[in-house]
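**Q** If you scroll down you'll find the structure; I have some questions about it.
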Amino acid sequence: MEVMVYSENEKLFKELVTAAVQLNASKITSAVIGSKEDAEKAAKYTDKAFFVDSSQLGEYKPKEYAEALHSIVKASDPQVLLIGGTHKGNALAAILSVKLGEPSVTEVSELKVTEEGLIVLRSAFGGVAVAEVRVGRKLFTKVASPKIACVKPGFFTPAEESKNGEVEKINVDVKSSIEVLEVKKKEAGVGLEDADVVVVAGRGVRKKEDLSLIEELAKILGGVVGVTRPLSADLHWAPTWVGMSGIPIKPKLYVGIGVSGQIQHVAGIRNSKIIMVVNNDPKAPIFEHADYGVIGDLYQVVPKLIEMLKS
Ligand SMILES: Cc1cc2nc3c(=O)[nH]c(=O)nc-3n(C[C@H](O)[C@H](O)[C@H](O)COP(=O)(O)OP(=O)(O)OC[C@H]3O[C@@H](n4cnc5c(N)ncnc54)[C@H](O)[C@@H]3O)c2cc1C
């Protein structure tokens, strides 16, 4: 069984290789949209790396990149295609799925191959449940079209270099109707995914200036600050937010300050090792998910917490 892996994210690419190994793939190939050097790097982890020169395509555009990926897939005909479950990866998978007429499934955390085909575990209902899904039947009889699974970051150990695979360039003739004029990087919220400590401010924080209190606490704990969606999407206090539709996090310590604990937020923090919260409403749903909870006014509790931690 050939398993092809693709991710624009290097760490996630290595995680996909481990997932492919765990699927007992007899051949692991990689799809690269980048330079020859990128493909040579990928070939250190896989039996063969196919690449489309990204200079032909320009900046990431879902339709064009999916077209390139489609050409690579057609060149090798893997039975399973594992795509890194980033925003970009999920978008590519959806387009590819339509092109190939094959199912694709997102939010995957575990995979296995049985006589029934490819079986995956994926988050359902915003992360409150785990669904076991069979991704199409007859995995081995319909060789030309792979089953597509978008694997979530952080569920497999990144693979080490172990191969010296060959590299093959795939030529594509992709015409784009979109011209990217400028790309701006998000300047804040950086590091949330990998932080060991994340202190999240919620709507309980009344004014933007009060975020300094949360920043001070985060600094003492050696962590970074995140916010809930309303603080970012509605109030524009931060460029991004923590949660299902924002950035899912998995720190050793999550501290939620004035966060109510709605399901869309909780879905993005449930992989935190320790959850500690401060909320003045004893009925706030966040307490159901907390290891430690303080019922109280954040404007009294947080300064005390800072004082205690300082001493
Ligand atoms: C499709 C969709 C996707 C979404 N995705 C996300 C997501 O990814 N991430 C996300 O965060 N949200 C998301 N949301 C929004 C989500 O439903 C909630 O609205 C949001 O999480 C609530 O944010 P909050 O807890 O900051 O605010 P609130 O729900 O208003 O809670 C504020 C809390 O602060 C407490 N509080 C008030 N004053 C104090 C005080 N002085 N001291 C202590 N506590 C105090 C209150 O008791 C309350 O519990 C999504 C919504 C939708 C529809």
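So you can find residues: chains in the structure tokens are A, B, ... in the order shown, residues in each start at 1, and ligands are numbered from 1 in order.
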How would you write, as an NGL selection string, the set of residues no farther than 8 Å from ligand 1 when counting only C-alpha atoms and all ligand atoms?
**A** :A and (201-206 or 227-231 or 241-248 or 257-268 or 278-282 or 284-286 or 295-299)
**Q** Just list as a list in words whatever in range 206-293 of chain A DSSP marks as alpha helix (DSSP H).
**A**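 The alpha helix (DSSP H) subset of range 206-293 of chain A is Leu211, Ser212, Leu213, Ile214, Glu215, Glu216, Leu217, Ala218, Lys219, Ile220, Arg229, Ile263, Gln264, His265 and Val266 of chain A.
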**Q** Those same residues - N, CA and C atoms - I'd like them written as a tab-separated table (two decimals), in the first residue's frame.
**A**
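The resulting file, out_4.tsv, is shown below:
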```tsv
chain	number	residue	atom	x	y	z
A	211	LEU	N	-5.70	44.29	29.84
A	211	LEU	CA	-4.95	43.13	29.37
A	211	LEU	C	-3.54	43.11	29.97
A	212	SER	N	-3.07	44.29	30.42
A	212	SER	CA	-1.72	44.36	31.00
A	212	SER	C	-1.62	43.46	32.25
A	213	LEU	N	-2.74	43.32	32.94
A	213	LEU	CA	-2.80	42.45	34.11
A	213	LEU	C	-2.56	40.98	33.69
A	214	ILE	N	-3.22	40.63	32.60
A	214	ILE	CA	-3.11	39.26	32.08
A	214	ILE	C	-1.69	39.04	31.56
A	215	GLU	N	-1.14	40.09	30.91
A	215	GLU	CA	0.23	39.98	30.39
A	215	GLU	C	1.23	39.80	31.53
A	216	GLU	N	0.99	40.51	32.63
A	216	GLU	CA	1.90	40.40	33.77
A	216	GLU	C	1.87	38.98	34.34
A	217	LEU	N	0.67	38.43	34.46
A	217	LEU	CA	0.55	37.06	34.97
A	217	LEU	C	1.25	36.08	34.03
A	218	ALA	N	1.02	36.26	32.73
A	218	ALA	CA	1.64	35.36	31.74
A	218	ALA	C	3.16	35.45	31.83
A	219	LYS	N	3.67	36.65	32.02
A	219	LYS	CA	5.12	36.85	32.07
A	219	LYS	C	5.72	36.11	33.27
A	220	ILE	N	5.07	36.24	34.41
A	220	ILE	CA	5.58	35.57	35.62
A	220	ILE	C	5.56	34.05	35.44
A	229	ARG	N	-12.60	34.51	21.39
A	229	ARG	CA	-12.96	35.08	20.10
A	229	ARG	C	-13.55	36.48	20.17
A	263	ILE	N	-18.47	25.97	24.24
A	263	ILE	CA	-17.92	24.77	23.61
A	263	ILE	C	-16.87	25.07	22.53
A	264	GLN	N	-17.09	26.15	21.77
A	264	GLN	CA	-16.14	26.45	20.69
A	264	GLN	C	-14.77	26.83	21.26
A	265	HIS	N	-14.77	27.41	22.45
A	265	HIS	CA	-13.49	27.74	23.09
A	265	HIS	C	-12.87	26.48	23.69
A	266	VAL	N	-13.71	25.74	24.42
A	266	VAL	CA	-13.22	24.55	25.11
A	266	VAL	C	-12.64	23.54	24.12
```
**Q** Do you have the CA of Asp77 in chain A-CA of Glu2 in chain A distance handy?
**A**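 CA of Asp77 in chain A sits 8.0 Å away from CA of Glu2 in chain A.
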**Q** For range 60-158 of chain A versus range 5-12 of chain A, which residues have an atom no more than 9 Å away, and what is each residue's nearest atom pair and distance in Å rounded to one decimal, using only C-alpha atoms, chain-then-number order, as a Markdown table?
**A**
```
| residue | atom | partner | partner_atom | distance |
| --- | --- | --- | --- | --- |
| A:Leu69 | CA | A:Tyr6 | CA | 8.7 |
| A:Val80 | CA | A:Val5 | CA | 8.5 |
| A:Leu81 | CA | A:Val5 | CA | 5.9 |
| A:Leu82 | CA | A:Val5 | CA | 4.8 |
| A:Ile83 | CA | A:Tyr6 | CA | 4.9 |
| A:Gly84 | CA | A:Ser7 | CA | 4.7 |
| A:Gly85 | CA | A:Ser7 | CA | 8.1 |
| A:Thr86 | CA | A:Ser7 | CA | 8.3 |
| A:Lys88 | CA | A:Glu8 | CA | 8.2 |
| A:Gly89 | CA | A:Ser7 | CA | 6.7 |
| A:Val151 | CA | A:Leu12 | CA | 8.6 |
| A:Lys152 | CA | A:Leu12 | CA | 8.4 |
| A:Pro153 | CA | A:Leu12 | CA | 5.9 |
| A:Gly154 | CA | A:Leu12 | CA | 7.6 |
| A:Phe156 | CA | A:Leu12 | CA | 8.6 |
| A:Pro158 | CA | A:Lys11 | CA | 6.4 |
```
**Q** Using the chain letters and numbers from this document, which residues of range 141-222 of chain A does DSSP assign to strand (DSSP E), as a JSON list (two decimals) with C-alpha atoms, in the first residue's frame?
**A**
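And here is the file that came out, out_26.json:
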```json
[["chain", "number", "residue", "atom", "x", "y", "z"],
["A", 147, "LYS", "CA", -8.63, 8.22, 0.26],
["A", 148, "ILE", "CA", -7.73, 11.56, 1.80],
["A", 149, "ALA", "CA", -7.24, 12.17, 5.51],
["A", 150, "CYS", "CA", -6.24, 15.54, 6.99],
["A", 151, "VAL", "CA", -4.30, 14.77, 10.13],
["A", 166, "GLU", "CA", 14.53, 9.71, -5.33],
["A", 167, "VAL", "CA", 13.14, 13.04, -6.45],
["A", 168, "GLU", "CA", 10.89, 13.55, -9.46],
["A", 169, "LYS", "CA", 9.75, 16.86, -10.85],
["A", 197, "VAL", "CA", 1.81, 28.18, 29.43],
["A", 198, "VAL", "CA", -1.06, 30.14, 27.91],
["A", 199, "VAL", "CA", -3.03, 32.71, 29.89],
["A", 200, "VAL", "CA", -6.29, 33.49, 28.11],
["A", 201, "ALA", "CA", -8.30, 36.64, 28.68]]
```
**Q** Between A:Ser97, A:Ser162, A:Thr114, A:Ser109, single out the one closest to Val21 in chain A, counting only C-alpha atoms.
**A**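 Comparing A:Ser97, A:Ser162, A:Thr114, A:Ser109 against Val21 in chain A, the winner is A:Ser162.
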**Q** For Met1 in chain A, find every residue with an atom within 7 Å (counting only C-alpha atoms), except residues of its own chain fewer than 4 positions away, and show them as an mmCIF file with all heavy atoms, in the first residue's frame.
**A**
```cif
data_model
loop_
_atom_site.group_PDB
_atom_site.id
_atom_site.type_symbol
_atom_site.label_atom_id
_atom_site.label_comp_id
_atom_site.auth_asym_id
_atom_site.auth_seq_id
_atom_site.Cartn_x
_atom_site.Cartn_y
_atom_site.Cartn_z
ATOM 1 N N ALA A 25 2.589 1.197 5.681
ATOM 2 C CA ALA A 25 2.714 1.462 4.251
ATOM 3 C C ALA A 25 3.951 0.751 3.711
ATOM 4 O O ALA A 25 5.016 0.796 4.327
ATOM 5 C CB ALA A 25 2.854 2.960 4.029
ATOM 6 N N SER A 26 3.802 0.098 2.564
ATOM 7 C CA SER A 26 4.973 -0.554 1.973
ATOM 8 C C SER A 26 5.800 0.478 1.213
ATOM 9 O O SER A 26 6.984 0.303 0.981
ATOM 10 C CB SER A 26 4.540 -1.688 1.054
ATOM 11 O OG SER A 26 3.610 -1.195 0.126
ATOM 12 N N LYS A 27 5.137 1.551 0.820
ATOM 13 C CA LYS A 27 5.851 2.624 0.123
ATOM 14 C C LYS A 27 5.312 3.958 0.638
ATOM 15 O O LYS A 27 4.089 4.150 0.694
ATOM 16 C CB LYS A 27 5.575 2.486 -1.380
ATOM 17 C CG LYS A 27 6.357 3.447 -2.234
ATOM 18 C CD LYS A 27 6.077 3.162 -3.713
ATOM 19 C CE LYS A 27 6.804 4.138 -4.601
ATOM 20 N NZ LYS A 27 6.319 4.082 -5.972
ATOM 21 N N GLN A 79 -2.680 4.845 -2.453
ATOM 22 C CA GLN A 79 -4.002 4.405 -1.960
ATOM 23 C C GLN A 79 -4.522 5.349 -0.877
ATOM 24 O O GLN A 79 -5.725 5.478 -0.675
ATOM 25 C CB GLN A 79 -3.915 2.987 -1.369
ATOM 26 C CG GLN A 79 -3.951 1.885 -2.399
ATOM 27 C CD GLN A 79 -2.586 1.699 -3.046
ATOM 28 O OE1 GLN A 79 -1.584 1.546 -2.373
ATOM 29 N NE2 GLN A 79 -2.571 1.723 -4.362
#
```
**Q** Counting only C-alpha atoms, which of A:Gln300, A:Leu192, A:Phe287, A:Lys250 gets nearest to Phe155 in chain A?
**A**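 Looking only at the distances to Phe155 in chain A, the closest residue turns out to be A:Lys250.
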**Q** Write out as an NGL selection string which residues come within 10 Å of His289 in chain A when counting only C-alpha atoms, dropping same-chain ones fewer than 6 positions away.
**A** :A and (261 or 266 or 269-270 or 274-277)
**Q** With N, CA and C atoms retained, could you export that selection as a PDB file, in the first residue's frame?
**A**
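File produced: out.pdb:
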```pdb
ATOM      1  N   GLY A 261     -16.300  29.565  28.962  1.00  0.00           N
ATOM      2  CA  GLY A 261     -16.154  28.140  28.670  1.00  0.00           C
ATOM      3  C   GLY A 261     -17.182  27.621  27.689  1.00  0.00           C
ATOM      4  N   VAL A 266     -13.709  25.744  24.419  1.00  0.00           N
ATOM      5  CA  VAL A 266     -13.216  24.547  25.111  1.00  0.00           C
ATOM      6  C   VAL A 266     -12.638  23.535  24.117  1.00  0.00           C
ATOM      7  N   ILE A 269      -9.011  23.986  23.748  1.00  0.00           N
ATOM      8  CA  ILE A 269      -8.092  23.951  24.908  1.00  0.00           C
ATOM      9  C   ILE A 269      -8.104  22.593  25.599  1.00  0.00           C
ATOM     10  N   ARG A 270      -8.917  21.667  25.088  1.00  0.00           N
ATOM     11  CA  ARG A 270      -9.119  20.420  25.838  1.00  0.00           C
ATOM     12  C   ARG A 270      -7.869  19.547  25.904  1.00  0.00           C
ATOM     13  N   ILE A 274      -3.073  20.972  32.298  1.00  0.00           N
ATOM     14  CA  ILE A 274      -3.743  21.485  33.501  1.00  0.00           C
ATOM     15  C   ILE A 274      -4.549  22.728  33.112  1.00  0.00           C
ATOM     16  N   ILE A 275      -5.802  22.744  33.545  1.00  0.00           N
ATOM     17  CA  ILE A 275      -6.654  23.904  33.249  1.00  0.00           C
ATOM     18  C   ILE A 275      -7.010  24.587  34.566  1.00  0.00           C
ATOM     19  N   MET A 276      -6.649  25.863  34.633  1.00  0.00           N
ATOM     20  CA  MET A 276      -6.930  26.637  35.842  1.00  0.00           C
ATOM     21  C   MET A 276      -7.738  27.867  35.417  1.00  0.00           C
ATOM     22  N   VAL A 277      -8.809  28.163  36.139  1.00  0.00           N
ATOM     23  CA  VAL A 277      -9.658  29.271  35.697  1.00  0.00           C
ATOM     24  C   VAL A 277     -10.048  30.205  36.841  1.00  0.00           C
TER      25      VAL A 277
END
```
**Q** If we count only C-alpha atoms, what is near range 38-53 of chain A at a cut-off of 9 Å, once residues fewer than 5 positions away on the same chain are taken out, given as number ranges by chain?
**A** A: 4-5, 13-14, 17, 27-33, 68-69, 71-73, 75-76, 159-172
